[in-house]
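Asks: For reference, the structure I am asking about is given below.
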Amino acid sequence: MTTPAERYAAHRQRMALFTPALTEFQSLYDFDLDFFQVDACRALEEGHGVLVAAPTGSGKTVVGEFAVHLALAGGRKCFYTTPIKALSNQKYADLVRRYGAGKVGLLTGDNTINGEAPIVVMTTEVLRNMLYAGSPTLTGLAYVVMDEVHYLADRFRGAVWEEVIIHLPESVRLVALSATVSNAEEFGEWLQEVRGETTVIVDEERPVPLWQHMLAGNRLYDLFVDDEHTKVNPELRRFALDDLRRTRINQSRRSGRRRERRPERYRPPSRADVIDRLDRAGLLPAITFIFSRAGCDAAVEQCMYSGLRLTSKEETEEIRAHVEARTADIPRADLDVLGYGTWLAGLERGLAAHHAGMLPTFKEVVEELFTEGLIKAVFATETLALGINMPARTVVIERLVKWNGEMHVDLTPGEYTQLTGRAGRRGIDVEGHAVVLWAPGVDPAAVAGLAGTRTYPLNSSFRPSYNMAVNLVGQVGRERARTLLEESFAQFQADRAVVGLAKQLRRNEEALTGYLEAATCDQGDFMEYAGLRQRLTERERELARERSGARRAEAARSLERLRFGDVIMVPHGRFAGAAVVLEPGSAKRSDDPSPLVLTINRQVKQLALADFRGPVEPVERIKIPQWFNRRSAQHRRDLASTLRNKTADLDKPRPQKRPDPTREDPRIADLRRRLREHPCHGCADREDHARWAERYFRLEKETTALRRRVEGRSQVISRTFDRVCAVLDQLGYLDGERVTDEGRRLGRIYTELDLLAAEGLRDGIFEDLGPAELAATVSALVYESRAPEDGRAPRVPAGPVREALTEMIRLWGDLQEVEKDHRVAFLREPDLGFVWAAYRWASGTQLDAVLVDTDLTAGDFVRWMKQLLDMLGQIADAAPPGGGVRDVAGRAMDAIRRGVVAYSSVS
């Protein structure tokens with residue numbers, strides 16, 4: 001703990017770095033700026049771009065807010081971008097409170113508020129679209145803040161971050177804010193290359209210390225027993241070992257013959273017990289991460305049924321008043337469908353769930369009440385960890401395994417860091433706490449490894465898309481577009497990886513030169529002679545493989561002919577000698593029939609082709625009684641005795657002399673002749689030279705493979721771009737350097753299925769559809785099921801919708817073939833799982849009836865409807881003028897924008 005004198009000295013040192021602008025900015029806060037914040041702000045004021053990599057909750061957004069301050073002071077613009085709409089809404093509200101609604105705008109695709117304001121908060125996709133469209137709103141732009149820039153590693157949306165960074169005008173200063181990553185310097189070097197002067201600020205110190213715990217049994221253990229967080233608590237290790245020992249004893253008892261009382265299984269504490277224990281220890285408010293939406297809802301119910309209450313009477317009344325005010329515009333019928341009563345009862349007890357399946361308004365209320373300290377325990381999925389400002393005193397992690405959509409996987413150190421980063425509220429808590437619930441089989445050392453790894457690498461997920469290609473070619477031409485894409489972080493990382501390979505390649509090439517010199521012979525060209533020797537060796541191996549293959553095939557055919565009771569001779573190995581066939585080889589395994597035999601030593605063995613060098617012929621036959629049982633030792637003994645008597649006069653198999661397969665081969669004869677006639681054949685140092693030549697050939701093979709790896713990584717992005725352009729050329733969206741009318745329409749469609757949507761417009765799939773029918777059809781372009789298909793065909797309205805979707809699936813199949821020809825694969829199959837819900841809602845059906853027909857939660861329904869609205873807007877914008885699609889798309893949007901969809905501000 002620092003002394004008052006030390007704190008005062010640090011304050012004086014910080015203040016000495018302050019400029020007038022920074023002094024004015026500092027006055028907006030009731031805490032002193034940290035050194036890393038001051039350094040970043042100074043760099044920004046000096047005209048540099050900045051990359052700030054710091055832990056969650058460290059206050060790195062202060063640097064972004066300084067860019068806002070500088071823009072307003074200079075009469076310029078600042079765009080503040082976030083990865084998700086929830087963050088955009090939250091940041092917009094923060095800036096409005098500070099600067100007033102007149103100076104701040106919001107653009108998220110759903111909401112457009114004061115878009116020409118000097119400060120505009122937006123999602124990164126909105127800025128990308130503005131850059132491609134050449135929007136006049138970009139005029140006067142001086143700063144762009146990219147919050148949570150580590151999102152560029154996201155495999156679905158990460159490319160957008162790189163597109164923005166590459167295409168921003170040179171005059172714009174970039175403020176990139178990232179979680180702590182282990183390769184911040186590498187990312188900073190790339191920013192320096194593509195954006196100019198960039199200062200990298202890395203701060204790994206949390207402003208609020210974080211203590212790591214495990215709740216095991218009825219005790220809360222400290223995970224580490226040293227300040228450096230390197231030594232795992234020996235008592236915790238002992239607890240885990242004792243449990244493992246008890247488990248093994250119980251397993252051995254269960255496997256014994258005596259019936260014993262069933263051992264008690266470890267019972268983890270209930271969720272209510274965990275929260276109650278944290279409450280008694282003064283560790284609330286807490287966020288418990290449960291990697292299941294249903295698990296979050298169930299946790300609230302379990303705590304309510306247990307009678308847990310975390311709020312006072314006054315807090316309960318305040319919560320009710322807040323909730324009633326925020327939900328006043330929602331019709332009572334819809335509230336009943338949404339489970340409002342149960343949700344409010346949990347809130348009044350200080351309990352809430354938070355996940356993507358909730359109605360956005362409900363999630364906002366939970367966030368607001370938690371921030372105000374009225375909600376004390378939130379059960380959330382990991383989506384809450386993605387930057388939303390909901391810090392807690394304690395974070396609880398129930399399990400260290402989560403379902404990723406395909407399988408159960410362990411949490412990574414980066415994910416663990418992101419989750420536990422919510423613990424510790426700056427200015428409120430002097431320390432934060434992370435609690436992992438112990439379970440049988442959990443190794444405390446493994447948890448310590450997660451907790452001790454504070455950083456994770458930032459890796460690009462960038463790849464060119466069809467929309468990106470037409471926009472780039474339209475703006476700067478094909479060749480310049482290739483050059484721009486070569487500036488991506490993905491290519492930068494690939495090139496850095498190539499650097500190490502290239503060094504190894506140079507070392508190999510130098511060694512090859514040395515080997516050539518060492519193999520030099522004064523009698524003639526020794527590498528030519530060594531080449532003949534190598535070809536001779538390869539031919540001999542080739543003939544040996546052919547001979548072995550022929551013997552194997554012949555042996556397999558002979559084993560297939562064996563019958564029950566045949567006596568054969570096993571030529572070598574542990575079971576060499578006579579054997580009688582008990583089960584012939586299976587016809588299903590003709591490559592290796594594997595008969596089951598009884599050997600003369602009374603052992604039952606499954607033979608294989610490896611036990612024979614050639615064909616197998618029966619030497620005798622034994623009649624085996626039908627009552628013979630190979631599991632009976634007596635039966636095996638009797639049959640082996642019969643076998644011994646039958647084969648007593650037969651000689652033991654002798655190893656066969658293998659014929660020389662090379663003796664009659666003309667190519668080998670020719671190579672041997674040429675070797676004998678070569679001048680180097682008589683060299684006294686021939687074998688010494690040969691050893692160097694063999695090393696040369698081995699290294700040359702390795703070097704060739706290494707060279708292919710280097711070539712494969714070089715220009716990987718531009719090669720993908722060329723393939724994408726080839727697809728667009730074939731389909732008529734590009735004509736060499738020119739973007740066609742169809743290509744310009746494609747350039748206005750920003751979705752994973754951009755090309756399919758453009759093809760649908762061109763082929764008239766959306767013509768002659770009504771508003772509800774168009775909404776249903778377009779939903780297949782945006783929706784993607786969370787769960788794997790259960791085998792049931794999704795419900796689809798008959799008539800025009802079914803016909804349009806059938807045509808869309810046909811188009812997708814045609815495009816797949818085109819992609820295959822050009823070695824790309826960008827287009828997933830359209831998902832029809834939301835078609836019926838979209839059709840019913842756009843037709844005016846009430847919420848309860850729509851949700852009954854689907855497996856969707858209210859939150860999922862609203863989120864997909866918001867995305868459908870966005871897609872319909874793009875279809876309307878891209879549709880040819882004068883056609884009916886544009887008008888129908890507008891009417892479809894009006895039909896959708898009602899009820900819960902209309903009054904949900906976040907998606």
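Residues are referred to by chain and number: the chain letter is A, B, ... according to the order shown in the structure tokens, the number counts from 1 in that chain, and ligands are numbered separately from 1 in the order shown.
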Skipping near chain neighbours, those fewer than 5 positions away, what residues fall within 12 Å of A:Ala43 using only C-alpha atoms, listed as a PyMOL selection string?
Replies: chain A and resi 17-19+22+36-38+48-52+63+66-67+173-175+197-201
Asks: Kindly save the residues from that selection, with N, CA and C atoms included, as a PDB file, in the first residue's frame.
Replies:
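Ended up saving to result_3.pdb:
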```
ATOM      1  N   LEU A  17       3.510  16.648 -16.384  1.00  0.00           N
ATOM      2  CA  LEU A  17       3.385  16.247 -17.791  1.00  0.00           C
ATOM      3  C   LEU A  17       2.187  16.896 -18.479  1.00  0.00           C
ATOM      4  N   PHE A  18       1.357  17.612 -17.728  1.00  0.00           N
ATOM      5  CA  PHE A  18       0.087  18.091 -18.267  1.00  0.00           C
ATOM      6  C   PHE A  18       0.273  19.335 -19.140  1.00  0.00           C
ATOM      7  N   THR A  19      -0.428  19.342 -20.271  1.00  0.00           N
ATOM      8  CA  THR A  19      -0.552  20.508 -21.134  1.00  0.00           C
ATOM      9  C   THR A  19      -1.847  21.228 -20.731  1.00  0.00           C
ATOM     10  N   LEU A  22      -4.804  19.060 -21.559  1.00  0.00           N
ATOM     11  CA  LEU A  22      -4.910  17.894 -20.696  1.00  0.00           C
ATOM     12  C   LEU A  22      -5.360  18.302 -19.286  1.00  0.00           C
ATOM     13  N   PHE A  36      -0.225   5.817 -17.720  1.00  0.00           N
ATOM     14  CA  PHE A  36      -0.414   5.332 -19.086  1.00  0.00           C
ATOM     15  C   PHE A  36      -1.459   6.177 -19.818  1.00  0.00           C
ATOM     16  N   GLN A  37      -2.475   6.682 -19.084  1.00  0.00           N
ATOM     17  CA  GLN A  37      -3.480   7.544 -19.702  1.00  0.00           C
ATOM     18  C   GLN A  37      -2.864   8.876 -20.110  1.00  0.00           C
ATOM     19  N   VAL A  38      -2.028   9.419 -19.240  1.00  0.00           N
ATOM     20  CA  VAL A  38      -1.361  10.691 -19.539  1.00  0.00           C
ATOM     21  C   VAL A  38      -0.452  10.529 -20.752  1.00  0.00           C
ATOM     22  N   HIS A  48       0.079  12.046 -32.929  1.00  0.00           N
ATOM     23  CA  HIS A  48       0.287  10.620 -33.177  1.00  0.00           C
ATOM     24  C   HIS A  48      -1.041   9.866 -33.078  1.00  0.00           C
ATOM     25  N   GLY A  49      -1.122   8.755 -33.769  1.00  0.00           N
ATOM     26  CA  GLY A  49      -2.139   7.771 -33.438  1.00  0.00           C
ATOM     27  C   GLY A  49      -1.673   7.006 -32.216  1.00  0.00           C
ATOM     28  N   VAL A  50      -2.592   6.354 -31.502  1.00  0.00           N
ATOM     29  CA  VAL A  50      -2.186   5.599 -30.314  1.00  0.00           C
ATOM     30  C   VAL A  50      -2.873   4.246 -30.287  1.00  0.00           C
ATOM     31  N   LEU A  51      -2.151   3.265 -29.786  1.00  0.00           N
ATOM     32  CA  LEU A  51      -2.709   1.955 -29.445  1.00  0.00           C
ATOM     33  C   LEU A  51      -2.524   1.785 -27.948  1.00  0.00           C
ATOM     34  N   VAL A  52      -3.627   1.615 -27.239  1.00  0.00           N
ATOM     35  CA  VAL A  52      -3.579   1.419 -25.787  1.00  0.00           C
ATOM     36  C   VAL A  52      -4.057   0.002 -25.494  1.00  0.00           C
ATOM     37  N   VAL A  63      -8.726   7.603 -22.796  1.00  0.00           N
ATOM     38  CA  VAL A  63      -7.926   8.077 -23.930  1.00  0.00           C
ATOM     39  C   VAL A  63      -8.830   8.370 -25.117  1.00  0.00           C
ATOM     40  N   PHE A  66     -10.508  11.588 -24.566  1.00  0.00           N
ATOM     41  CA  PHE A  66      -9.643  12.738 -24.809  1.00  0.00           C
ATOM     42  C   PHE A  66      -9.651  13.110 -26.296  1.00  0.00           C
ATOM     43  N   ALA A  67      -9.750  12.103 -27.169  1.00  0.00           N
ATOM     44  CA  ALA A  67      -9.870  12.384 -28.599  1.00  0.00           C
ATOM     45  C   ALA A  67     -11.153  13.166 -28.869  1.00  0.00           C
ATOM     46  N   ARG A 173      -6.537  10.674 -37.194  1.00  0.00           N
ATOM     47  CA  ARG A 173      -5.741  10.035 -36.147  1.00  0.00           C
ATOM     48  C   ARG A 173      -6.576   8.903 -35.545  1.00  0.00           C
ATOM     49  N   LEU A 174      -5.949   7.732 -35.397  1.00  0.00           N
ATOM     50  CA  LEU A 174      -6.646   6.552 -34.883  1.00  0.00           C
ATOM     51  C   LEU A 174      -6.305   6.327 -33.409  1.00  0.00           C
ATOM     52  N   VAL A 175      -7.335   6.098 -32.603  1.00  0.00           N
ATOM     53  CA  VAL A 175      -7.156   5.710 -31.202  1.00  0.00           C
ATOM     54  C   VAL A 175      -7.684   4.289 -31.073  1.00  0.00           C
ATOM     55  N   GLU A 197       2.686   7.546 -37.930  1.00  0.00           N
ATOM     56  CA  GLU A 197       3.221   7.619 -36.564  1.00  0.00           C
ATOM     57  C   GLU A 197       2.189   7.132 -35.544  1.00  0.00           C
ATOM     58  N   THR A 198       2.528   6.039 -34.847  1.00  0.00           N
ATOM     59  CA  THR A 198       1.617   5.447 -33.862  1.00  0.00           C
ATOM     60  C   THR A 198       2.390   5.115 -32.594  1.00  0.00           C
ATOM     61  N   THR A 199       1.906   5.588 -31.464  1.00  0.00           N
ATOM     62  CA  THR A 199       2.531   5.306 -30.176  1.00  0.00           C
ATOM     63  C   THR A 199       1.812   4.132 -29.520  1.00  0.00           C
ATOM     64  N   VAL A 200       2.584   3.149 -29.082  1.00  0.00           N
ATOM     65  CA  VAL A 200       2.016   1.964 -28.429  1.00  0.00           C
ATOM     66  C   VAL A 200       2.171   2.117 -26.921  1.00  0.00           C
ATOM     67  N   ILE A 201       1.044   2.065 -26.219  1.00  0.00           N
ATOM     68  CA  ILE A 201       1.042   2.173 -24.752  1.00  0.00           C
ATOM     69  C   ILE A 201       0.512   0.856 -24.199  1.00  0.00           C
TER      70      ILE A 201
END
```
Asks: Out of stretch 756-888 of chain A, which residues get helix (DSSP H, G or I) from DSSP, as a PyMOL selection string?
Replies: chain A and resi 756-762+771-782+800-821+835-842+847-852+858-878+884-888
Asks: What's the separation between atom CA of A:Leu223 and atom CA of A:Arg293, in Å to one decimal place?
Replies: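 So the two atoms, atom CA of A:Leu223 and atom CA of A:Arg293, lie 28.3 Å apart.
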Asks: If you count only C-alpha atoms, which residues fall within 6 Å of stretch 468-475 of chain A, apart from same-chain ones fewer than 6 positions away, as a PDB file with N, CA, C and O atoms, in the first residue's frame?
Replies:
```pdb
ATOM      1  N   ALA A 481      -6.236  -2.058 -55.364  1.00  0.00           N
ATOM      2  CA  ALA A 481      -6.982  -2.827 -54.351  1.00  0.00           C
ATOM      3  C   ALA A 481      -6.130  -3.975 -53.831  1.00  0.00           C
ATOM      4  O   ALA A 481      -6.099  -4.246 -52.626  1.00  0.00           O
ATOM      5  N   VAL A 739     -16.479  -1.826 -62.570  1.00  0.00           N
ATOM      6  CA  VAL A 739     -17.568  -2.399 -61.792  1.00  0.00           C
ATOM      7  C   VAL A 739     -18.865  -2.185 -62.573  1.00  0.00           C
ATOM      8  O   VAL A 739     -19.197  -1.059 -62.936  1.00  0.00           O
ATOM      9  N   GLY A 747     -22.258  -3.913 -54.110  1.00  0.00           N
ATOM     10  CA  GLY A 747     -21.485  -3.066 -53.199  1.00  0.00           C
ATOM     11  C   GLY A 747     -22.311  -2.416 -52.120  1.00  0.00           C
ATOM     12  O   GLY A 747     -21.759  -1.877 -51.156  1.00  0.00           O
TER      13      GLY A 747
END
```
Asks: Would you pick out the contacts of stretch 149-153 of chain A at 10 Å or less, using only C-alpha atoms, so that residues sharing its chain but fewer than 6 positions from it are not included, and give the list as a ChimeraX atom specification?
Replies: /A:51-53,81-83,124,159-163,175-181,184,187,386,457-462,489-490
